[in-house]
Amino acid sequence: MTVQTLKSLADALAQKKVSSRELASQYLDRIKAINPAINAFITVDRDGALAAADLADKAIAAGNAAALTGVPIAHKDIFCTEGVLTTCGSKMLSNFVSPYDAHVVSQLKVAGTVSLGKTNLDEFAMGSTSESSFYGAVKNPWKLDRVPGGSSGGSAAAVAAGMVPAATGTDTGGSIRQPAGLCGITGIKPTYGVVSRYGMIAYASSLDQGGPMAHTAEDCALLLNHMAGFDARDSTSLERPVEDYTADLNKPLQGLRIGLPKEYFGDGLAEDVRTAIEGALAELRKLGATTVEVSLPNTHLAIPAYYVIAPAEASSNLSRFDGVRYGHRAAQYKDLAEMYSKSRAEGFGGEVKRRILVGAYVLSHGYYDAYYIKAQQLRCLIAQDFQQALQSCDIIAGPVAPTAAWGLGQMADDPVQMYLADIYTIAVNLAGLPALSTPAGFSNEGLPVGLQLIGNYFGEARLLGAAHQLQQATDWHLRTPDIG
Ligand code: GLN
């Protein structure tokens, strides 16, 4: 298998070397052959994809093509898609056909993309392994007994396995960057507020942010150009001038100051991951960047703060799933209260219930000040740490995750161990900053390692530029798993 970038496919379509229908059919065939082993898709929309591809071919023939007309993509099954099952990986929404498109979905339709289907995820995006889905665990294409990371593990695995050239993801505490890192692809979480959350089923609203996942930084930039932008339907969407995220792709790295937080290179970082990250940093230095040590002293407080704030918001957001308006309803109940409780007991899985209980607890009278307010105060300190560090550097670099992909089921009985695996990604969401993951070599076992680049607010173009320059000088992003 050789990597097909979105850019190369868009060029081939524009030059009429291939039709959109041919492309969609090739990818749909590969999904049919490979997905049973990987389980990256919940829904494959063959008919919808072929119909959209035919429309794209007509637009190309008529000279009406938009930037991405005819290129196949897939959407994480947390984005509402009109007329297509939208499950969030939950039994609760296993019968929900959305009546409307999420902003991101409609924007990418306008740009001409053809959606092949919906990718698997941790239930309601809660997790770091993509094992908690009602539709079964996703497997890492690099080693089928390993997790692909989560929660956007279906999107990451689908791209890594060549089942689709690019996909959407969402990142509340690392869910774009960590699976991108564990599957050897590129993914960016934009600044909070850059991508509209309208139609993106809410987990923790003050942290959730959608973004692209693809083989290359260039492809992510092309997608982000269409995903970003003001949307009045999301009250936290930022009204800013339209930006071109490809603007810095060819900017040399001469003079770029990269901060290395000492807390991201301490105990707990696997030696083979450290070696890979140091290799990638050496490449960046060869390209003209300099590195300087910085400190993010409140790093150890990020996970405790996140696991108060995220469950609190989740308990509130998920209260809408009550068996009345949409979603699963228990078959038998004796009164309204039992209908609610049985529907929710049957519809939600274990991790989701754990978060709802924790969230309801920390928001309850008497504990609100002790936990929720404290966590919000820590959030402030964590955001200040980044501003302090960014005084002496332009971007921050470090690992995405402390280890390469671990075994399926390995953390099943130990949620705290799973929570700790997000130590390098979660603080970024608490601060609302943009950050990406780009391939940075391989572990001792030959599994991908991701390098994380974190920028200041609205620094997406610079981050994508740095990743693109690294990708021009290395071939880690072009390696593919051996799955036929
Ligand atoms: N692993 C984190 C959690 O379970 C982050 C997930 C995400 O970013 N959606 O909350």
# chains A, B, ... in the order shown; residues from 1 in each chain; ligands from 1
>>> residues_near_ligand(ligand="ligand 1", cutoff="7 Å", atoms="only C-alpha atoms and all ligand atoms", output="PyMOL selection string")
chain A and resi 125-128+150-151+170-176+310+419+422
>>> write_last_selection(atoms="C-alpha atoms", output="tab-separated table (two decimals), in the first residue's frame")
chain	number	residue	atom	x	y	z
A	125	ALA	CA	-15.95	10.13	22.88
A	126	MET	CA	-15.12	9.09	26.44
A	127	GLY	CA	-11.92	7.10	26.35
A	128	SER	CA	-8.41	6.77	25.00
A	150	GLY	CA	-9.16	7.08	21.18
A	151	SER	CA	-11.64	8.39	21.06
A	170	THR	CA	-12.96	15.55	17.75
A	171	ASP	CA	-10.59	16.28	20.62
A	172	THR	CA	-11.78	16.95	24.18
A	173	GLY	CA	-8.61	15.82	25.93
A	174	GLY	CA	-6.50	14.35	23.14
A	175	SER	CA	-8.89	12.37	20.96
A	176	ILE	CA	-7.51	13.62	17.64
A	310	ALA	CA	-15.17	17.00	31.73
A	419	TYR	CA	-6.73	8.48	32.19
A	422	ASP	CA	-3.50	11.47	28.35
>>> residues_around(residues="Val308 of chain A", least_positions_apart="2", cutoff="8 Å", atoms="only C-alpha atoms", output="PyMOL selection string")
chain A and resi 304-306+310-312+358-359+362+371-372+375
>>> write_last_selection(atoms="N, CA and C atoms", output="PDB file, in the first residue's frame")
ATOM      1  N   PRO A 304      -6.236  15.567  37.095  1.00  0.00           N
ATOM      2  CA  PRO A 304      -7.269  15.749  38.128  1.00  0.00           C
ATOM      3  C   PRO A 304      -8.280  16.857  37.782  1.00  0.00           C
ATOM      4  N   ALA A 305      -7.808  17.977  37.238  1.00  0.00           N
ATOM      5  CA  ALA A 305      -8.745  19.067  36.906  1.00  0.00           C
ATOM      6  C   ALA A 305      -9.691  18.641  35.792  1.00  0.00           C
ATOM      7  N   TYR A 306      -9.126  17.990  34.774  1.00  0.00           N
ATOM      8  CA  TYR A 306      -9.937  17.545  33.625  1.00  0.00           C
ATOM      9  C   TYR A 306     -11.002  16.550  34.075  1.00  0.00           C
ATOM     10  N   ALA A 310     -14.559  17.732  32.859  1.00  0.00           N
ATOM     11  CA  ALA A 310     -15.168  16.996  31.730  1.00  0.00           C
ATOM     12  C   ALA A 310     -16.379  16.172  32.186  1.00  0.00           C
ATOM     13  N   PRO A 311     -16.293  15.403  33.274  1.00  0.00           N
ATOM     14  CA  PRO A 311     -17.496  14.684  33.714  1.00  0.00           C
ATOM     15  C   PRO A 311     -18.631  15.628  34.132  1.00  0.00           C
ATOM     16  N   ALA A 312     -18.297  16.776  34.743  1.00  0.00           N
ATOM     17  CA  ALA A 312     -19.356  17.717  35.134  1.00  0.00           C
ATOM     18  C   ALA A 312     -20.142  18.147  33.902  1.00  0.00           C
ATOM     19  N   VAL A 358     -19.735  10.756  38.396  1.00  0.00           N
ATOM     20  CA  VAL A 358     -18.699  11.663  38.906  1.00  0.00           C
ATOM     21  C   VAL A 358     -19.134  13.114  38.679  1.00  0.00           C
ATOM     22  N   GLY A 359     -19.672  13.387  37.492  1.00  0.00           N
ATOM     23  CA  GLY A 359     -20.086  14.749  37.158  1.00  0.00           C
ATOM     24  C   GLY A 359     -21.197  15.244  38.060  1.00  0.00           C
ATOM     25  N   VAL A 362     -19.632  16.010  41.562  1.00  0.00           N
ATOM     26  CA  VAL A 362     -18.823  17.232  41.738  1.00  0.00           C
ATOM     27  C   VAL A 362     -19.640  18.509  41.548  1.00  0.00           C
ATOM     28  N   TYR A 371     -14.755  20.801  44.658  1.00  0.00           N
ATOM     29  CA  TYR A 371     -14.206  20.143  43.458  1.00  0.00           C
ATOM     30  C   TYR A 371     -14.312  20.997  42.198  1.00  0.00           C
ATOM     31  N   TYR A 372     -15.510  21.379  41.852  1.00  0.00           N
ATOM     32  CA  TYR A 372     -15.701  22.037  40.554  1.00  0.00           C
ATOM     33  C   TYR A 372     -14.984  23.393  40.498  1.00  0.00           C
ATOM     34  N   ALA A 375     -11.269  22.955  40.445  1.00  0.00           N
ATOM     35  CA  ALA A 375     -10.791  22.502  39.129  1.00  0.00           C
ATOM     36  C   ALA A 375     -10.737  23.670  38.152  1.00  0.00           C
TER      37      ALA A 375
END
>>> atom_distance(atom1="atom CA of Ala330 of chain A", atom2="atom CA of Val97 of chain A")
18.5 Å
>>> closest_atom_pairs(of="segment 185-292 of chain A", to="segment 63-84 of chain A", cutoff="12 Å", atoms="only C-alpha atoms", output="JSON lines")
{"residue": "A:Ser196", "atom": "CA", "partner": "A:Phe79", "partner_atom": "CA", "distance": 11.2}
{"residue": "A:Arg197", "atom": "CA", "partner": "A:Phe79", "partner_atom": "CA", "distance": 9.0}
{"residue": "A:Tyr198", "atom": "CA", "partner": "A:Phe79", "partner_atom": "CA", "distance": 8.8}
{"residue": "A:Gly199", "atom": "CA", "partner": "A:Cys80", "partner_atom": "CA", "distance": 5.3}
{"residue": "A:Met200", "atom": "CA", "partner": "A:Phe79", "partner_atom": "CA", "distance": 4.6}
{"residue": "A:Ile201", "atom": "CA", "partner": "A:Ile78", "partner_atom": "CA", "distance": 5.5}
{"residue": "A:Ala202", "atom": "CA", "partner": "A:Ile78", "partner_atom": "CA", "distance": 8.4}
{"residue": "A:Tyr203", "atom": "CA", "partner": "A:Ile78", "partner_atom": "CA", "distance": 9.6}
{"residue": "A:Asp208", "atom": "CA", "partner": "A:Ile78", "partner_atom": "CA", "distance": 11.3}
{"residue": "A:Gln209", "atom": "CA", "partner": "A:Phe79", "partner_atom": "CA", "distance": 11.5}
{"residue": "A:Gly210", "atom": "CA", "partner": "A:Phe79", "partner_atom": "CA", "distance": 9.2}
{"residue": "A:Gly211", "atom": "CA", "partner": "A:Lys76", "partner_atom": "CA", "distance": 10.3}
{"residue": "A:Pro212", "atom": "CA", "partner": "A:His75", "partner_atom": "CA", "distance": 9.6}
{"residue": "A:Met213", "atom": "CA", "partner": "A:Ile73", "partner_atom": "CA", "distance": 9.9}
{"residue": "A:Ala214", "atom": "CA", "partner": "A:Ile73", "partner_atom": "CA", "distance": 9.5}
{"residue": "A:Asp219", "atom": "CA", "partner": "A:Leu68", "partner_atom": "CA", "distance": 10.6}
{"residue": "A:Cys220", "atom": "CA", "partner": "A:Ile73", "partner_atom": "CA", "distance": 12.0}
{"residue": "A:Leu222", "atom": "CA", "partner": "A:Leu68", "partner_atom": "CA", "distance": 8.5}
{"residue": "A:Leu223", "atom": "CA", "partner": "A:Leu68", "partner_atom": "CA", "distance": 8.5}
{"residue": "A:Leu224", "atom": "CA", "partner": "A:Leu68", "partner_atom": "CA", "distance": 11.8}
{"residue": "A:Asn225", "atom": "CA", "partner": "A:Ala67", "partner_atom": "CA", "distance": 10.0}
{"residue": "A:His226", "atom": "CA", "partner": "A:Ala67", "partner_atom": "CA", "distance": 9.2}
>>> write_last_selection(atoms="N, CA, C and O atoms", output="JSON list (two decimals), in the first residue's frame")
[["chain", "number", "residue", "atom", "x", "y", "z"],
["A", 196, "SER", "N", -16.80, 25.17, 14.41],
["A", 196, "SER", "CA", -18.11, 25.17, 15.06],
["A", 196, "SER", "C", -18.46, 23.79, 15.62],
["A", 196, "SER", "O", -18.23, 22.76, 14.99],
["A", 197, "ARG", "N", -19.06, 23.79, 16.81],
["A", 197, "ARG", "CA", -19.51, 22.53, 17.43],
["A", 197, "ARG", "C", -20.97, 22.22, 17.10],
["A", 197, "ARG", "O", -21.52, 21.24, 17.61],
["A", 198, "TYR", "N", -21.58, 23.01, 16.23],
["A", 198, "TYR", "CA", -22.98, 22.76, 15.89],
["A", 198, "TYR", "C", -23.12, 21.37, 15.23],
["A", 198, "TYR", "O", -22.44, 21.07, 14.24],
["A", 199, "GLY", "N", -23.95, 20.55, 15.82],
["A", 199, "GLY", "CA", -24.16, 19.21, 15.25],
["A", 199, "GLY", "C", -23.08, 18.20, 15.61],
["A", 199, "GLY", "O", -23.08, 17.08, 15.11],
["A", 200, "MET", "N", -22.16, 18.62, 16.48],
["A", 200, "MET", "CA", -21.13, 17.70, 16.98],
["A", 200, "MET", "C", -21.63, 17.31, 18.37],
["A", 200, "MET", "O", -21.72, 18.17, 19.25],
["A", 201, "ILE", "N", -22.02, 16.06, 18.55],
["A", 201, "ILE", "CA", -22.72, 15.70, 19.79],
["A", 201, "ILE", "C", -21.82, 16.00, 20.99],
["A", 201, "ILE", "O", -20.67, 15.58, 21.03],
["A", 202, "ALA", "N", -22.35, 16.77, 21.93],
["A", 202, "ALA", "CA", -21.53, 17.36, 23.00],
["A", 202, "ALA", "C", -21.11, 16.33, 24.03],
["A", 202, "ALA", "O", -21.92, 15.56, 24.53],
["A", 203, "TYR", "N", -19.83, 16.34, 24.36],
["A", 203, "TYR", "CA", -19.31, 15.58, 25.51],
["A", 203, "TYR", "C", -19.03, 16.61, 26.61],
["A", 203, "TYR", "O", -19.79, 16.71, 27.56],
["A", 208, "ASP", "N", -14.46, 20.45, 23.93],
["A", 208, "ASP", "CA", -14.63, 19.77, 22.64],
["A", 208, "ASP", "C", -14.22, 20.67, 21.48],
["A", 208, "ASP", "O", -14.63, 21.83, 21.40],
["A", 209, "GLN", "N", -13.47, 20.10, 20.54],
["A", 209, "GLN", "CA", -13.14, 20.83, 19.32],
["A", 209, "GLN", "C", -12.92, 19.83, 18.18],
["A", 209, "GLN", "O", -12.23, 18.82, 18.36],
["A", 210, "GLY", "N", -13.55, 20.09, 17.04],
["A", 210, "GLY", "CA", -13.39, 19.21, 15.88],
["A", 210, "GLY", "C", -12.13, 19.57, 15.11],
["A", 210, "GLY", "O", -11.64, 20.69, 15.20],
["A", 211, "GLY", "N", -11.63, 18.59, 14.34],
["A", 211, "GLY", "CA", -10.45, 18.86, 13.52],
["A", 211, "GLY", "C", -10.22, 17.75, 12.53],
["A", 211, "GLY", "O", -10.88, 16.71, 12.59],
["A", 212, "PRO", "N", -9.29, 17.96, 11.59],
["A", 212, "PRO", "CA", -9.01, 16.96, 10.55],
["A", 212, "PRO", "C", -7.93, 15.95, 10.94],
["A", 212, "PRO", "O", -7.04, 16.27, 11.72],
["A", 213, "MET", "N", -8.03, 14.76, 10.32],
["A", 213, "MET", "CA", -7.02, 13.71, 10.50],
["A", 213, "MET", "C", -6.69, 13.17, 9.11],
["A", 213, "MET", "O", -7.61, 12.81, 8.36],
["A", 214, "ALA", "N", -5.40, 13.13, 8.77],
["A", 214, "ALA", "CA", -5.01, 12.72, 7.41],
["A", 214, "ALA", "C", -3.56, 12.23, 7.46],
["A", 214, "ALA", "O", -2.95, 12.22, 8.53],
["A", 219, "ASP", "N", -2.57, 18.01, 3.97],
["A", 219, "ASP", "CA", -3.98, 17.59, 3.85],
["A", 219, "ASP", "C", -4.82, 18.14, 5.01],
["A", 219, "ASP", "O", -5.97, 18.56, 4.82],
["A", 220, "CYS", "N", -4.23, 18.14, 6.21],
["A", 220, "CYS", "CA", -4.97, 18.69, 7.36],
["A", 220, "CYS", "C", -5.25, 20.17, 7.13],
["A", 220, "CYS", "O", -6.35, 20.66, 7.45],
["A", 222, "LEU", "N", -5.57, 21.71, 4.24],
["A", 222, "LEU", "CA", -6.60, 21.85, 3.20],
["A", 222, "LEU", "C", -7.99, 21.61, 3.80],
["A", 222, "LEU", "O", -8.95, 22.33, 3.48],
["A", 223, "LEU", "N", -8.11, 20.60, 4.65],
["A", 223, "LEU", "CA", -9.41, 20.31, 5.27],
["A", 223, "LEU", "C", -9.82, 21.40, 6.25],
["A", 223, "LEU", "O", -10.99, 21.82, 6.29],
["A", 224, "LEU", "N", -8.86, 21.84, 7.05],
["A", 224, "LEU", "CA", -9.18, 22.85, 8.07],
["A", 224, "LEU", "C", -9.67, 24.14, 7.42],
["A", 224, "LEU", "O", -10.53, 24.84, 7.98],
["A", 225, "ASN", "N", -9.15, 24.44, 6.23],
["A", 225, "ASN", "CA", -9.63, 25.63, 5.51],
["A", 225, "ASN", "C", -11.14, 25.60, 5.34],
["A", 225, "ASN", "O", -11.78, 26.65, 5.29],
["A", 226, "HIS", "N", -11.71, 24.41, 5.23],
["A", 226, "HIS", "CA", -13.16, 24.31, 5.04],
["A", 226, "HIS", "C", -13.92, 24.05, 6.33],
["A", 226, "HIS", "O", -15.10, 24.36, 6.43]]
>>> closest_residue(among="A:Ser130, A:Thr5, A:Ser206, A:Thr168", to="Asp234 of chain A", atoms="only C-alpha atoms")
A:Ser206
>>> select_by_dssp(residues="segment 21-173 of chain A", states="strand (DSSP E or B)", output="list in words")
Phe41, Ile42, Thr43, Val44, Pro72, Ile73, Ala74, His75, Lys76, Phe79, Thr81, Val84, Leu85, Val97, Val114, Ser115, Leu116, Gly117, Lys118, Thr119, Asn140, Lys143, Arg146, Ala166, Ala167, Thr168, Gly169 and Thr170 of chain A
>>> closest_residue(among="A:Ala389, A:Leu281, A:Val324, A:Ile309", to="Ile373 of chain A", atoms="only C-alpha atoms")
A:Ile309
>>> closest_atom_pairs(of="segment 309-415 of chain A", to="segment 463-469 of chain A", cutoff="12 Å", atoms="only C-alpha atoms", output="JSON lines")
{"residue": "A:Asp394", "atom": "CA", "partner": "A:Leu463", "partner_atom": "CA", "distance": 9.7}
{"residue": "A:Ile395", "atom": "CA", "partner": "A:Leu463", "partner_atom": "CA", "distance": 7.6}
{"residue": "A:Ile396", "atom": "CA", "partner": "A:Leu463", "partner_atom": "CA", "distance": 9.6}
{"residue": "A:Ala397", "atom": "CA", "partner": "A:Leu463", "partner_atom": "CA", "distance": 10.2}
>>> write_last_selection(atoms="N, CA and C atoms", output="CSV table (one decimal), in the first residue's frame")
chain,number,residue,atom,x,y,z
A,394,ASP,N,8.4,29.8,20.3
A,394,ASP,CA,7.3,30.1,19.4
A,394,ASP,C,6.3,28.9,19.5
A,395,ILE,N,6.8,27.7,19.6
A,395,ILE,CA,5.9,26.6,19.7
A,395,ILE,C,6.5,25.6,20.8
A,396,ILE,N,5.7,24.7,21.3
A,396,ILE,CA,6.1,23.8,22.3
A,396,ILE,C,6.1,22.4,21.6
A,397,ALA,N,7.1,21.6,21.9
A,397,ALA,CA,7.1,20.2,21.4
A,397,ALA,C,7.2,19.2,22.5
>>> closest_residue(among="A:Leu470, A:Ala412, A:Val449, A:Ala137", to="Ala282 of chain A", atoms="only C-alpha atoms")
A:Leu470
>>> closest_atom_pairs(of="segment 377-427 of chain A", to="segment 255-267 of chain A", cutoff="12 Å", atoms="only C-alpha atoms", output="JSON lines")
{"residue": "A:Asp385", "atom": "CA", "partner": "A:Pro261", "partner_atom": "CA", "distance": 10.4}
{"residue": "A:Phe386", "atom": "CA", "partner": "A:Pro261", "partner_atom": "CA", "distance": 9.8}
{"residue": "A:Gln387", "atom": "CA", "partner": "A:Gly259", "partner_atom": "CA", "distance": 11.9}
{"residue": "A:Gln388", "atom": "CA", "partner": "A:Gly259", "partner_atom": "CA", "distance": 11.1}
{"residue": "A:Ala389", "atom": "CA", "partner": "A:Gly259", "partner_atom": "CA", "distance": 7.4}
{"residue": "A:Leu390", "atom": "CA", "partner": "A:Gly259", "partner_atom": "CA", "distance": 7.6}
{"residue": "A:Gln391", "atom": "CA", "partner": "A:Gly259", "partner_atom": "CA", "distance": 9.7}
{"residue": "A:Ser392", "atom": "CA", "partner": "A:Gly259", "partner_atom": "CA", "distance": 7.4}
{"residue": "A:Cys393", "atom": "CA", "partner": "A:Arg257", "partner_atom": "CA", "distance": 4.8}
{"residue": "A:Asp394", "atom": "CA", "partner": "A:Arg257", "partner_atom": "CA", "distance": 5.2}
{"residue": "A:Ile395", "atom": "CA", "partner": "A:Ile258", "partner_atom": "CA", "distance": 5.1}
{"residue": "A:Ile396", "atom": "CA", "partner": "A:Gly259", "partner_atom": "CA", "distance": 4.5}
{"residue": "A:Ala397", "atom": "CA", "partner": "A:Leu260", "partner_atom": "CA", "distance": 5.5}
{"residue": "A:Gly398", "atom": "CA", "partner": "A:Tyr264", "partner_atom": "CA", "distance": 6.2}
{"residue": "A:Pro399", "atom": "CA", "partner": "A:Tyr264", "partner_atom": "CA", "distance": 7.1}
{"residue": "A:Val400", "atom": "CA", "partner": "A:Tyr264", "partner_atom": "CA", "distance": 9.3}
{"residue": "A:Ala401", "atom": "CA", "partner": "A:Tyr264", "partner_atom": "CA", "distance": 9.6}
{"residue": "A:Pro402", "atom": "CA", "partner": "A:Tyr264", "partner_atom": "CA", "distance": 8.8}
{"residue": "A:Thr403", "atom": "CA", "partner": "A:Asp267", "partner_atom": "CA", "distance": 11.8}
{"residue": "A:Asp422", "atom": "CA", "partner": "A:Tyr264", "partner_atom": "CA", "distance": 11.5}
{"residue": "A:Ile423", "atom": "CA", "partner": "A:Tyr264", "partner_atom": "CA", "distance": 8.5}
{"residue": "A:Tyr424", "atom": "CA", "partner": "A:Tyr264", "partner_atom": "CA", "distance": 6.7}
{"residue": "A:Thr425", "atom": "CA", "partner": "A:Tyr264", "partner_atom": "CA", "distance": 10.2}
{"residue": "A:Ala427", "atom": "CA", "partner": "A:Tyr264", "partner_atom": "CA", "distance": 11.5}
>>> write_last_selection(atoms="N, CA, C and O atoms", output="mmCIF file, in the first residue's frame")
data_model
loop_
_atom_site.group_PDB
_atom_site.id
_atom_site.type_symbol
_atom_site.label_atom_id
_atom_site.label_comp_id
_atom_site.auth_asym_id
_atom_site.auth_seq_id
_atom_site.Cartn_x
_atom_site.Cartn_y
_atom_site.Cartn_z
ATOM 1 N N ASP A 385 0.449 28.733 32.666
ATOM 2 C CA ASP A 385 1.735 28.034 32.442
ATOM 3 C C ASP A 385 2.137 28.121 30.978
ATOM 4 O O ASP A 385 3.297 28.374 30.647
ATOM 5 N N PHE A 386 1.168 27.872 30.087
ATOM 6 C CA PHE A 386 1.491 27.875 28.652
ATOM 7 C C PHE A 386 1.901 29.275 28.211
ATOM 8 O O PHE A 386 2.851 29.434 27.445
ATOM 9 N N GLN A 387 1.188 30.300 28.706
ATOM 10 C CA GLN A 387 1.529 31.665 28.295
ATOM 11 C C GLN A 387 2.934 32.026 28.770
ATOM 12 O O GLN A 387 3.696 32.670 28.050
ATOM 13 N N GLN A 388 3.252 31.567 29.966
ATOM 14 C CA GLN A 388 4.593 31.818 30.498
ATOM 15 C C GLN A 388 5.647 31.130 29.617
ATOM 16 O O GLN A 388 6.622 31.738 29.196
ATOM 17 N N ALA A 389 5.403 29.853 29.315
ATOM 18 C CA ALA A 389 6.377 29.089 28.506
ATOM 19 C C ALA A 389 6.515 29.697 27.119
ATOM 20 O O ALA A 389 7.614 29.748 26.551
ATOM 21 N N LEU A 390 5.408 30.177 26.566
ATOM 22 C CA LEU A 390 5.439 30.703 25.186
ATOM 23 C C LEU A 390 6.093 32.096 25.101
ATOM 24 O O LEU A 390 6.214 32.654 24.023
ATOM 25 N N GLN A 391 6.514 32.615 26.255
ATOM 26 C CA GLN A 391 7.316 33.851 26.231
ATOM 27 C C GLN A 391 8.699 33.577 25.657
ATOM 28 O O GLN A 391 9.309 34.451 25.062
ATOM 29 N N SER A 392 9.206 32.353 25.891
ATOM 30 C CA SER A 392 10.589 32.081 25.471
ATOM 31 C C SER A 392 10.670 31.127 24.278
ATOM 32 O O SER A 392 11.727 30.624 23.956
ATOM 33 N N CYS A 393 9.528 30.838 23.645
ATOM 34 C CA CYS A 393 9.572 29.989 22.454
ATOM 35 C C CYS A 393 8.350 30.302 21.586
ATOM 36 O O CYS A 393 7.404 30.939 22.039
ATOM 37 N N ASP A 394 8.402 29.840 20.328
ATOM 38 C CA ASP A 394 7.284 30.083 19.406
ATOM 39 C C ASP A 394 6.267 28.945 19.464
ATOM 40 O O ASP A 394 5.063 29.173 19.342
ATOM 41 N N ILE A 395 6.777 27.715 19.551
ATOM 42 C CA ILE A 395 5.886 26.573 19.715
ATOM 43 C C ILE A 395 6.492 25.637 20.758
ATOM 44 O O ILE A 395 7.674 25.747 21.085
ATOM 45 N N ILE A 396 5.662 24.731 21.251
ATOM 46 C CA ILE A 396 6.105 23.776 22.272
ATOM 47 C C ILE A 396 6.058 22.382 21.647
ATOM 48 O O ILE A 396 5.125 22.083 20.889
ATOM 49 N N ALA A 397 7.058 21.558 21.940
ATOM 50 C CA ALA A 397 7.058 20.197 21.378
ATOM 51 C C ALA A 397 7.233 19.165 22.480
ATOM 52 O O ALA A 397 7.851 19.437 23.510
ATOM 53 N N GLY A 398 6.710 17.987 22.232
ATOM 54 C CA GLY A 398 6.862 16.883 23.178
ATOM 55 C C GLY A 398 6.177 15.652 22.625
ATOM 56 O O GLY A 398 5.669 15.664 21.497
ATOM 57 N N PRO A 399 6.133 14.597 23.418
ATOM 58 C CA PRO A 399 5.426 13.401 22.967
ATOM 59 C C PRO A 399 3.918 13.624 22.987
ATOM 60 O O PRO A 399 3.433 14.534 23.667
ATOM 61 N N VAL A 400 3.188 12.788 22.259
ATOM 62 C CA VAL A 400 1.723 12.801 22.322
ATOM 63 C C VAL A 400 1.258 11.900 23.465
ATOM 64 O O VAL A 400 0.322 12.232 24.194
ATOM 65 N N ALA A 401 1.912 10.766 23.583
ATOM 66 C CA ALA A 401 1.519 9.786 24.601
ATOM 67 C C ALA A 401 2.776 9.168 25.195
ATOM 68 O O ALA A 401 3.819 9.148 24.537
ATOM 69 N N PRO A 402 2.695 8.692 26.439
ATOM 70 C CA PRO A 402 3.893 8.172 27.096
ATOM 71 C C PRO A 402 4.425 6.864 26.504
ATOM 72 O O PRO A 402 5.591 6.533 26.695
ATOM 73 N N THR A 403 3.569 6.110 25.810
ATOM 74 C CA THR A 403 4.014 4.842 25.219
ATOM 75 C C THR A 403 3.427 4.738 23.809
ATOM 76 O O THR A 403 2.535 5.499 23.450
ATOM 77 N N ASP A 422 -3.229 10.194 29.032
ATOM 78 C CA ASP A 422 -3.497 11.474 28.350
ATOM 79 C C ASP A 422 -2.708 12.633 28.946
ATOM 80 O O ASP A 422 -3.002 13.795 28.683
ATOM 81 N N ILE A 423 -1.701 12.313 29.729
ATOM 82 C CA ILE A 423 -0.982 13.337 30.489
ATOM 83 C C ILE A 423 -0.426 14.474 29.617
ATOM 84 O O ILE A 423 -0.376 15.616 30.047
ATOM 85 N N TYR A 424 -0.018 14.171 28.376
ATOM 86 C CA TYR A 424 0.591 15.227 27.539
ATOM 87 C C TYR A 424 -0.413 15.953 26.648
ATOM 88 O O TYR A 424 -0.062 16.909 25.972
ATOM 89 N N THR A 425 -1.629 15.479 26.590
ATOM 90 C CA THR A 425 -2.582 16.101 25.656
ATOM 91 C C THR A 425 -3.648 16.951 26.356
ATOM 92 O O THR A 425 -4.147 17.918 25.783
ATOM 93 N N ALA A 427 -3.856 19.035 28.993
ATOM 94 C CA ALA A 427 -3.669 20.429 29.419
ATOM 95 C C ALA A 427 -3.974 21.394 28.267
ATOM 96 O O ALA A 427 -4.463 22.506 28.486
#
>>> select_by_dssp(residues="segment 106-333 of chain A", states="alpha helix (DSSP H)", output="ChimeraX atom specification")
/A:106-110,153-160,177-183,217-227,271-286,302-317
>>> closest_residue(among="A:Leu430, A:Leu207, A:Ala331, A:Val104", to="Val195 of chain A", atoms="only C-alpha atoms")
A:Val104
>>> atom_distance(atom1="atom CA of Ala270 of chain A", atom2="atom CA of Asn444 of chain A")
10.3 Å
>>> closest_residue(among="A:Lys286, A:Arg177, A:His103, A:Lys16", to="Arg233 of chain A", atoms="only C-alpha atoms")
A:His103
>>> closest_residue(among="A:Thr186, A:Thr86, A:Ser315, A:Gln26", to="Pro448 of chain A", atoms="only C-alpha atoms")
A:Thr186
